[in-house]
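File shown: model-v4.pdb. Contents: PDB, C-alpha atoms.
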ATOM      1  CA  MET A   1      56.010 156.025 119.327
ATOM      2  CA  ALA A   2      56.769 158.590 116.650
ATOM      3  CA  THR A   3      58.993 157.453 113.826
ATOM      4  CA  ASP A   4      59.946 159.191 110.614
ATOM      5  CA  ARG A   5      58.335 157.160 107.836
ATOM      6  CA  SER A   6      58.597 159.865 105.170
ATOM      7  CA  GLU A   7      60.963 157.698 103.118
ATOM      8  CA  LEU A   8      58.008 155.466 102.228
ATOM      9  CA  THR A   9      56.482 158.220 100.119
ATOM     10  CA  SER A  10      59.673 159.575  98.577
ATOM     11  CA  TYR A  11      60.164 159.187  94.842
ATOM     12  CA  GLU A  12      63.463 157.382  95.418
ATOM     13  CA  PHE A  13      61.845 154.756  97.670
ATOM     14  CA  ARG A  14      58.890 154.240  95.308
ATOM     15  CA  GLN A  15      61.318 153.646  92.421
ATOM     16  CA  LEU A  16      63.302 151.177  94.550
ATOM     17  CA  ARG A  17      60.081 149.403  95.566
ATOM     18  CA  ALA A  18      58.973 149.119  91.932
ATOM     19  CA  ARG A  19      62.372 147.713  90.912
ATOM     20  CA  ILE A  20      62.325 145.073  93.660
ATOM     21  CA  LEU A  21      58.754 144.006  92.859
ATOM     22  CA  ALA A  22      59.610 143.834  89.131
ATOM     23  CA  GLU A  23      62.418 141.373  89.914
ATOM     24  CA  THR A  24      60.192 139.069  91.985
ATOM     25  CA  ASP A  25      56.851 139.240  93.738
ATOM     26  CA  VAL A  26      57.389 136.181  95.960
ATOM     27  CA  CYS A  27      56.735 137.072  99.609
ATOM     28  CA  ILE A  28      59.640 136.545 102.014
ATOM     29  CA  VAL A  29      57.286 135.343 104.767
ATOM     30  CA  CYS A  30      54.816 132.918 103.136
ATOM     31  CA  GLY A  31      56.541 132.181  99.816
ATOM     32  CA  HIS A  32      53.477 132.918  97.686
ATOM     33  CA  GLY A  33      53.441 135.299  94.731
ATOM     34  CA  ALA A  34      51.538 138.557  94.265
ATOM     35  CA  ALA A  35      53.398 140.483  96.989
ATOM     36  CA  ASP A  36      52.401 144.148  96.740
ATOM     37  CA  ALA A  37      54.825 145.799  99.152
ATOM     38  CA  VAL A  38      58.454 145.660 100.236
ATOM     39  CA  ASP A  39      59.735 145.365 103.773
ATOM     40  CA  HIS A  40      63.078 145.638 105.500
ATOM     41  CA  VAL A  41      64.620 142.212 106.112
ATOM     42  CA  ILE A  42      66.502 143.678 109.080
ATOM     43  CA  PRO A  43      64.133 146.261 110.585
ATOM     44  CA  VAL A  44      65.306 149.869 110.629
ATOM     45  CA  SER A  45      64.559 149.909 114.378
ATOM     46  CA  LYS A  46      67.102 147.085 114.782
ATOM     47  CA  GLY A  47      69.825 148.801 112.726
ATOM     48  CA  GLY A  48      68.841 147.857 109.173
ATOM     49  CA  ALA A  49      69.493 150.245 106.298
ATOM     50  CA  ARG A  50      66.452 152.225 105.144
ATOM     51  CA  LYS A  51      67.102 152.307 101.399
ATOM     52  CA  ASP A  52      69.581 149.491 100.821
ATOM     53  CA  PRO A  53      68.163 147.166  98.124
ATOM     54  CA  ALA A  54      69.852 144.213  99.856
ATOM     55  CA  ASN A  55      67.766 144.949 102.971
ATOM     56  CA  LEU A  56      64.425 145.157 101.123
ATOM     57  CA  ALA A  57      62.318 142.217  99.969
ATOM     58  CA  PRO A  58      58.770 141.638  98.668
ATOM     59  CA  ILE A  59      56.044 141.017 101.230
ATOM     60  CA  HIS A  60      52.252 140.989 101.274
ATOM     61  CA  GLY A  61      51.023 144.320 102.569
ATOM     62  CA  VAL A  62      47.710 145.490 103.980
ATOM     63  CA  ALA A  63      45.515 143.297 101.753
ATOM     64  CA  GLY A  64      47.355 140.135 102.821
ATOM     65  CA  CYS A  65      48.210 137.045 100.815
ATOM     66  CA  PRO A  66      45.538 135.966  98.317
ATOM     67  CA  VAL A  67      46.592 132.298  98.694
ATOM     68  CA  CYS A  68      47.100 131.619 102.420
ATOM     69  CA  LEU A  69      45.297 134.761 103.698
ATOM     70  CA  ARG A  70      48.146 135.655 106.082
ATOM     71  CA  LYS A  71      48.834 139.287 106.905
ATOM     72  CA  CYS A  72      52.558 138.804 106.271
ATOM     73  CA  ASN A  73      53.762 142.356 106.942
ATOM     74  CA  SER A  74      51.710 142.611 110.137
ATOM     75  CA  GLU A  75      52.965 139.230 111.349
ATOM     76  CA  LYS A  76      56.574 140.206 110.717
ATOM     77  CA  GLY A  77      56.280 143.573 112.439
ATOM     78  CA  ASN A  78      59.666 144.911 113.506
ATOM     79  CA  ARG A  79      61.182 141.468 114.081
ATOM     80  CA  PRO A  80      64.056 140.094 112.008
ATOM     81  CA  LEU A  81      62.990 137.551 109.408
ATOM     82  CA  ALA A  82      64.629 134.718 111.370
ATOM     83  CA  GLU A  83      62.106 135.248 114.206
ATOM     84  CA  VAL A  84      59.017 135.017 111.972
ATOM     85  CA  VAL A  85      57.185 131.713 111.552
ATOM     86  CA  GLN A  86      57.509 130.976 107.858
ATOM     87  CA  LEU A  87      55.150 128.826 105.838
ATOM     88  CA  HIS A  88      56.474 125.377 104.891
ATOM     89  CA  THR A  89      54.590 123.320 102.328
ATOM     90  CA  SER A  90      55.115 119.803 101.059
ATOM     91  CA  VAL A  91      55.217 121.029  97.464
ATOM     92  CA  ASP A  92      58.197 122.910  96.052
ATOM     93  CA  TRP A  93      56.306 125.627  94.169
ATOM     94  CA  PHE A  94      59.515 127.163  92.868
ATOM     95  CA  ALA A  95      60.808 124.003  91.132
ATOM     96  CA  GLY A  96      58.422 124.323  88.195
ATOM     97  CA  PRO A  97      56.475 121.563  86.485
ATOM     98  CA  PRO A  98      57.686 117.967  86.990
TER
END
Would you write out, as structure tokens, the structure that this file holds?
Amino acid sequence: MATDRSELTSYEFRQLRARILAETDVCIVCGHGAADAVDHVIPVSKGGARKDPANLAPIHGVAGCPVCLRKCNSEKGNRPLAEVVQLHTSVDWFAGPP
């Protein structure tokens, strides 16, 4: 399966990636911080836009999540986000201190 992935190394995509990660580093799959990559919410293979900021979100890349140890990007693959088993915890980590 040969796909053109050259956009991942283009200057434009790297700038877009940096901008998205500067806004938030919370992974779209597990919900933990320290995401080091961005991924397409709707995969390009399923019709998603390659460089649309609305279709890109932070995700843990090759190194995986330092908290839950999931390989978020590998688990997501080319499936839409709705088909990925997301992590649900009993603590709302985004609410801040009580």
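The space separating atom CA of A:Pro66 from atom CA of A:Glu23 comes to 19.6 Å.
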Check: How many Å separate atom CA of A:Glu75 from atom CA of A:Ser10?
Finding: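 Separating atom CA of A:Glu75 from atom CA of A:Ser10 is a distance of 24.9 Å.
Relative to atom CA of A:Leu81, atom CA of A:Val41 is found at 5.9 Å.
Of the residues under consideration (A:Ile42, A:Cys68, A:Ala57, A:Ala63), A:Ile42 shows the shortest atom-to-atom contact distance to A:Glu83 when counting all atoms listed in the file.
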Next item on the list: Identify, on the basis of only C-alpha atoms, every residue whose closest approach to A:Arg50 does not exceed 10 Å; exclude the query and any residue fewer than 3 positions from it along the same chain; express the result as an MDAnalysis selection string.
Entry: chainID A and resid 5 7:8 13 39:40 42:45 47 53 55:56
Run through the PyMOL selection byres ((chain A and resi 58) around 8) on the given coordinates and return the selected residues as a PDB file with C-alpha atoms, in the frame of the given file.
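The new file out_7.pdb reads:
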ATOM      1  CA  ILE A  20      62.325 145.073  93.660  1.00  0.00           C
ATOM      2  CA  LEU A  21      58.754 144.006  92.859  1.00  0.00           C
ATOM      3  CA  THR A  24      60.192 139.069  91.985  1.00  0.00           C
ATOM      4  CA  ASP A  25      56.851 139.240  93.738  1.00  0.00           C
ATOM      5  CA  VAL A  26      57.389 136.181  95.960  1.00  0.00           C
ATOM      6  CA  CYS A  27      56.735 137.072  99.609  1.00  0.00           C
ATOM      7  CA  ILE A  28      59.640 136.545 102.014  1.00  0.00           C
ATOM      8  CA  ALA A  35      53.398 140.483  96.989  1.00  0.00           C
ATOM      9  CA  ASP A  36      52.401 144.148  96.740  1.00  0.00           C
ATOM     10  CA  ALA A  37      54.825 145.799  99.152  1.00  0.00           C
ATOM     11  CA  VAL A  38      58.454 145.660 100.236  1.00  0.00           C
ATOM     12  CA  ASP A  39      59.735 145.365 103.773  1.00  0.00           C
ATOM     13  CA  LEU A  56      64.425 145.157 101.123  1.00  0.00           C
ATOM     14  CA  ALA A  57      62.318 142.217  99.969  1.00  0.00           C
ATOM     15  CA  ILE A  59      56.044 141.017 101.230  1.00  0.00           C
ATOM     16  CA  HIS A  60      52.252 140.989 101.274  1.00  0.00           C
TER      17      HIS A  60
END
Check: Out of A:Ala49, A:Ala18, A:Val67, A:Val62, which residue has the shortest atom-to-atom distance to A:Gly33 when counting all atoms listed in the file?
Finding: A:Val67
Notebook entry, point to check: Taking into account only C-alpha atoms, which residue in the set A:Asn73, A:Ser6, A:Asn78, A:Gln86 is nearest to A:Gly48?
Noted result: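 Residue with the minimum atom-to-atom distance to A:Gly48: A:Asn78.
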Note to self: Restricting the calculation to all atoms listed in the file: of A:Arg14, A:Val29, A:Lys46, A:Arg19, which residue gets closest to A:Arg79?
What the structure shows: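 The answer is A:Lys46, which sits nearest to A:Arg79.
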Margin query: I'd like to know which of A:Ala54, A:Val85, A:Ala22, A:Leu16 is closest to A:Arg70, using only C-alpha atoms.
Written below: A:Val85
Centre and edge lengths, as lines of an AutoDock Vina configuration file, for the axis-aligned box enclosing every listed atom of stretch 80-87 of chain A with 6 Å of padding on each of the six sides, in Å to one decimal?
center_x = 59.9
center_y = 134.5
center_z = 110.0
size_x = 21.5
size_y = 23.3
size_z = 20.4
